[in-house]
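Q: The structure follows.
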Amino acid sequence: MTPILLFDGDCSFCSSSARVLKRMVGKKVDVLAYQHVELGPFGISKIECEAAVQYLDGNKRSSGHEAIADALIASKSIWSLAGLFLKLPVITSAGFLVYEWVSKNRHKLPGGTPACQMPPSKDQA
């Protein structure tokens, strides 16, 4: 089975980023909007997909920056090196912080719209 990367298809910034990633990984990874996928068989929830991009490959699951790294590694191309770089201990710590900032501010980024804004978390409400 081909690995899958699920992203938020309702977010323009996420959709634009997914198109770039799709060019990078080619046919090695299916890059799909989670809204167009039956999530139940994958054992993943809509809430998880809304919170971060998700990578699924058999029993392997990752989210956020690690999902992007795993998709790049699965491309088995020059981009695999970038994915491996993202997995390095110091880099993955920074990657987590960058991904969190981007996901919280994606509605402010180029291509983002108010529909991209994440709902406030329970501790912010």
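We name chains A, B, ... following the order of the structure tokens; residues begin at 1 in each chain, and ligands are numbered from 1 as shown.
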Return as a list in words the full set of residues in segment 51-82 of chain A whose backbone-based DSSP assignment is helix (DSSP H, G or I).
A: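 Secondary structure check on segment 51-82 of chain A, helix (DSSP H, G or I): Ala51, His65, Glu66, Ala67, Ile68, Ala69, Asp70, Ala71, Leu72, Ile73, Ala74, Trp79, Ser80, Leu81 and Ala82 of chain A.
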Q: Write a file of the just-selected residues containing N, CA and C atoms, as a compact mmCIF listing (two decimals), in the first residue's frame.
A:
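Result file result_2.txt:
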# COMPACT_ATOMS: atom_id res chain seq x y z
N ALA A 51 -5.80 18.96 13.76
CA ALA A 51 -4.70 19.47 14.59
C ALA A 51 -3.37 19.52 13.86
N HIS A 65 5.44 17.95 11.94
CA HIS A 65 6.70 18.00 11.20
C HIS A 65 7.27 16.61 10.95
N GLU A 66 6.99 15.66 11.87
CA GLU A 66 7.48 14.29 11.67
C GLU A 66 6.76 13.63 10.49
N ALA A 67 5.49 13.96 10.27
CA ALA A 67 4.76 13.43 9.13
C ALA A 67 5.37 13.92 7.82
N ILE A 68 5.73 15.19 7.80
CA ILE A 68 6.37 15.75 6.60
C ILE A 68 7.72 15.08 6.38
N ALA A 69 8.48 14.90 7.44
CA ALA A 69 9.78 14.22 7.33
C ALA A 69 9.59 12.80 6.80
N ASP A 70 8.62 12.07 7.34
CA ASP A 70 8.38 10.70 6.90
C ASP A 70 7.96 10.63 5.44
N ALA A 71 7.15 11.59 5.00
CA ALA A 71 6.74 11.63 3.60
C ALA A 71 7.94 11.90 2.70
N LEU A 72 8.80 12.81 3.11
CA LEU A 72 10.00 13.09 2.32
C LEU A 72 10.91 11.87 2.25
N ILE A 73 11.08 11.18 3.37
CA ILE A 73 11.91 9.97 3.38
C ILE A 73 11.31 8.91 2.47
N ALA A 74 9.99 8.77 2.49
CA ALA A 74 9.31 7.76 1.66
C ALA A 74 9.43 8.07 0.17
N TRP A 79 14.95 14.32 -1.87
CA TRP A 79 14.21 14.91 -0.75
C TRP A 79 14.25 14.03 0.50
N SER A 80 14.60 12.76 0.35
CA SER A 80 14.74 11.88 1.52
C SER A 80 15.79 12.43 2.48
N LEU A 81 16.82 13.05 1.93
CA LEU A 81 17.86 13.64 2.78
C LEU A 81 17.29 14.75 3.66
N ALA A 82 16.39 15.55 3.10
CA ALA A 82 15.75 16.61 3.89
C ALA A 82 14.91 15.99 5.00
Q: Quick one: which segment 1-80 of chain A residues come within 12 Å of segment 96-106 of chain A, and what is the nearest atom pair for each with the distance in Å to one decimal, counting only C-alpha atoms, rows ordered by chain and ascending number, as a tab-separated table?
A:
residue	atom	partner	partner_atom	distance
A:Phe7	CA	A:Ser103	CA	11.4
A:Asp8	CA	A:Ser103	CA	10.6
A:Asp10	CA	A:Arg106	CA	11.8
A:Cys11	CA	A:Arg106	CA	8.2
A:Ser12	CA	A:Arg106	CA	8.9
A:Phe13	CA	A:Arg106	CA	6.4
A:Cys14	CA	A:Arg106	CA	7.8
A:Ser15	CA	A:Arg106	CA	11.1
A:Ser16	CA	A:Arg106	CA	11.3
A:Ser17	CA	A:Arg106	CA	10.7
A:Cys49	CA	A:Ser103	CA	11.8
A:Glu50	CA	A:Ser103	CA	9.8
A:Ala51	CA	A:Ser103	CA	7.9
A:Ala52	CA	A:Ser103	CA	7.3
A:Val53	CA	A:Ser103	CA	9.5
A:Ser63	CA	A:Phe96	CA	10.1
A:Gly64	CA	A:Tyr99	CA	6.4
A:His65	CA	A:Tyr99	CA	5.9
A:Glu66	CA	A:Phe96	CA	8.1
A:Ala67	CA	A:Tyr99	CA	10.7
A:Ile68	CA	A:Tyr99	CA	10.0
A:Ala69	CA	A:Phe96	CA	11.3
Q: How would the residues just picked look written out with N, CA and C atoms as a tab-separated table (two decimals), in the first residue's frame?
A:
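Generated output (selection10.tsv):
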chain	number	residue	atom	x	y	z
A	7	PHE	N	-3.89	16.11	4.86
A	7	PHE	CA	-3.78	17.52	5.21
A	7	PHE	C	-5.17	18.13	5.23
A	8	ASP	N	-5.27	19.35	5.72
A	8	ASP	CA	-6.55	20.05	5.81
A	8	ASP	C	-6.86	20.72	4.48
A	10	ASP	N	-9.47	22.26	3.63
A	10	ASP	CA	-10.25	23.49	3.77
A	10	ASP	C	-9.36	24.70	3.97
A	11	CYS	N	-8.09	24.48	4.18
A	11	CYS	CA	-7.14	25.56	4.43
A	11	CYS	C	-6.33	25.82	3.15
A	12	SER	N	-6.40	27.04	2.66
A	12	SER	CA	-5.68	27.38	1.43
A	12	SER	C	-4.17	27.25	1.61
A	13	PHE	N	-3.65	27.68	2.75
A	13	PHE	CA	-2.21	27.56	3.00
A	13	PHE	C	-1.80	26.09	3.00
A	14	CYS	N	-2.59	25.25	3.68
A	14	CYS	CA	-2.28	23.82	3.75
A	14	CYS	C	-2.36	23.18	2.36
A	15	SER	N	-3.37	23.56	1.60
A	15	SER	CA	-3.53	23.01	0.24
A	15	SER	C	-2.36	23.41	-0.65
A	16	SER	N	-1.93	24.66	-0.55
A	16	SER	CA	-0.77	25.11	-1.34
A	16	SER	C	0.49	24.36	-0.93
A	17	SER	N	0.68	24.19	0.37
A	17	SER	CA	1.85	23.46	0.87
A	17	SER	C	1.80	21.99	0.42
A	49	CYS	N	-6.68	15.05	12.48
A	49	CYS	CA	-6.39	15.62	11.17
A	49	CYS	C	-6.50	17.14	11.17
A	50	GLU	N	-7.41	17.67	11.97
A	50	GLU	CA	-7.54	19.12	12.08
A	50	GLU	C	-6.36	19.73	12.83
A	51	ALA	N	-5.80	18.96	13.76
A	51	ALA	CA	-4.70	19.47	14.59
A	51	ALA	C	-3.37	19.52	13.86
A	52	ALA	N	-3.14	18.55	12.95
A	52	ALA	CA	-1.84	18.48	12.27
A	52	ALA	C	-1.93	17.54	11.08
A	53	VAL	N	-1.03	17.74	10.14
A	53	VAL	CA	-0.92	16.83	9.00
A	53	VAL	C	-0.58	15.44	9.55
A	63	SER	N	2.71	12.64	12.91
A	63	SER	CA	1.95	13.86	12.66
A	63	SER	C	2.87	15.07	12.69
A	64	GLY	N	2.35	16.19	12.20
A	64	GLY	CA	3.10	17.43	12.22
A	64	GLY	C	4.37	17.37	11.40
A	65	HIS	N	5.44	17.95	11.94
A	65	HIS	CA	6.70	18.00	11.20
A	65	HIS	C	7.27	16.61	10.95
A	66	GLU	N	6.99	15.66	11.87
A	66	GLU	CA	7.48	14.29	11.67
A	66	GLU	C	6.76	13.63	10.49
A	67	ALA	N	5.49	13.96	10.27
A	67	ALA	CA	4.76	13.43	9.13
A	67	ALA	C	5.37	13.92	7.82
A	68	ILE	N	5.73	15.19	7.80
A	68	ILE	CA	6.37	15.75	6.60
A	68	ILE	C	7.72	15.08	6.38
A	69	ALA	N	8.48	14.90	7.44
A	69	ALA	CA	9.78	14.22	7.33
A	69	ALA	C	9.59	12.80	6.80
Q: Please compute the atom CA of Val25 of chain A-atom CA of Tyr55 of chain A distance, one decimal, in Å.
A: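 Interatomic distance, atom CA of Val25 of chain A to atom CA of Tyr55 of chain A: 12.7 Å.
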Q: Would you mind telling me which residue in A:Pro3, A:Gly83, A:Pro89, A:Gly58 lies nearest to Gly26 of chain A when using only C-alpha atoms?
A: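 Looking at the shortest contact to Gly26 of chain A, the residue is A:Pro3.
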Q: At what distance in Å, to one decimal, does atom CA of Thr2 of chain A lie from atom CA of Lys27 of chain A?
A: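 About the pair atom CA of Lys27 of chain A and atom CA of Thr2 of chain A: they are 8.4 Å apart.
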Q: Given the choices A:Ser75, A:Asn59, A:Ser45, A:Gln54, which gets closest to Lys22 of chain A if the distance is worked out from only C-alpha atoms?
A: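 The shortest atom-to-atom distance to Lys22 of chain A comes from A:Ser75.
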Q: Within 10 Å of Lys46 of chain A, counting only C-alpha atoms, which residues qualify if same-chain residues fewer than 6 places away don't, as a list in words?
A: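 With the cut-off at 10 Å, the set is Asp8, Tyr34, Gln35, Glu38, Leu39 and Gly40 of chain A.
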Q: Mind writing the picked residues with N, CA and C atoms as a tab-separated table (two decimals), in the first residue's frame?
A:
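Output file selection.tsv is given in full below:
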chain	number	residue	atom	x	y	z
A	8	ASP	N	-5.27	19.35	5.72
A	8	ASP	CA	-6.55	20.05	5.81
A	8	ASP	C	-6.86	20.72	4.48
A	34	TYR	N	-7.86	15.33	4.06
A	34	TYR	CA	-8.53	14.37	4.93
A	34	TYR	C	-10.04	14.39	4.74
A	35	GLN	N	-10.58	15.50	4.27
A	35	GLN	CA	-12.02	15.61	4.05
A	35	GLN	C	-12.50	14.68	2.94
A	38	GLU	N	-12.13	8.39	3.87
A	38	GLU	CA	-12.83	7.70	4.96
A	38	GLU	C	-11.79	7.41	6.04
A	39	LEU	N	-11.87	8.12	7.16
A	39	LEU	CA	-10.83	8.04	8.18
A	39	LEU	C	-10.92	6.80	9.05
A	40	GLY	N	-12.13	6.28	9.25
A	40	GLY	CA	-12.35	5.14	10.13
A	40	GLY	C	-11.42	3.96	9.91
Q: Using atom CA of Ile47 of chain A and atom CA of Arg19 of chain A as the two end points, give the distance in Å to one decimal.
A: 22.3 Å
Q: Could you pull out all residues of segment 10-103 of chain A with a DSSP call of strand (DSSP E or B) and give them as a VMD selection string?
A: chain A and resid 30 to 33 54 to 57 60 to 63
Q: Could you turn the residues from that selection into a file that holds N, CA and C atoms, as an mmCIF file, in the first residue's frame?
A:
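Just written: out_12.cif:
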data_model
loop_
_atom_site.group_PDB
_atom_site.id
_atom_site.type_symbol
_atom_site.label_atom_id
_atom_site.label_comp_id
_atom_site.auth_asym_id
_atom_site.auth_seq_id
_atom_site.Cartn_x
_atom_site.Cartn_y
_atom_site.Cartn_z
ATOM 1 N N ASP A 30 0.697 9.219 -1.363
ATOM 2 C CA ASP A 30 -0.570 9.851 -1.729
ATOM 3 C C ASP A 30 -0.794 11.032 -0.783
ATOM 4 N N VAL A 31 -0.864 12.227 -1.328
ATOM 5 C CA VAL A 31 -1.090 13.433 -0.545
ATOM 6 C C VAL A 31 -2.546 13.820 -0.755
ATOM 7 N N LEU A 32 -3.359 13.662 0.308
ATOM 8 C CA LEU A 32 -4.812 13.791 0.191
ATOM 9 C C LEU A 32 -5.394 14.696 1.269
ATOM 10 N N ALA A 33 -6.431 15.428 0.901
ATOM 11 C CA ALA A 33 -7.185 16.192 1.896
ATOM 12 C C ALA A 33 -7.962 15.191 2.758
ATOM 13 N N GLN A 54 -1.087 14.387 8.891
ATOM 14 C CA GLN A 54 -0.909 13.013 9.363
ATOM 15 C C GLN A 54 -0.275 12.151 8.278
ATOM 16 N N TYR A 55 0.687 11.321 8.662
ATOM 17 C CA TYR A 55 1.338 10.382 7.746
ATOM 18 C C TYR A 55 0.967 8.974 8.187
ATOM 19 N N LEU A 56 0.505 8.168 7.250
ATOM 20 C CA LEU A 56 0.083 6.796 7.540
ATOM 21 C C LEU A 56 0.765 5.846 6.556
ATOM 22 N N ASP A 57 1.443 4.856 7.103
ATOM 23 C CA ASP A 57 2.089 3.845 6.271
ATOM 24 C C ASP A 57 2.024 2.522 7.019
ATOM 25 N N LYS A 60 2.753 2.397 10.795
ATOM 26 C CA LYS A 60 3.495 3.617 11.133
ATOM 27 C C LYS A 60 2.593 4.832 10.980
ATOM 28 N N ARG A 61 2.556 5.649 12.041
ATOM 29 C CA ARG A 61 1.796 6.902 12.022
ATOM 30 C C ARG A 61 2.661 8.000 12.598
ATOM 31 N N SER A 62 2.582 9.155 11.998
ATOM 32 C CA SER A 62 3.261 10.326 12.552
ATOM 33 C C SER A 62 2.430 11.554 12.209
ATOM 34 N N SER A 63 2.706 12.637 12.908
ATOM 35 C CA SER A 63 1.946 13.864 12.655
ATOM 36 C C SER A 63 2.872 15.066 12.695
#
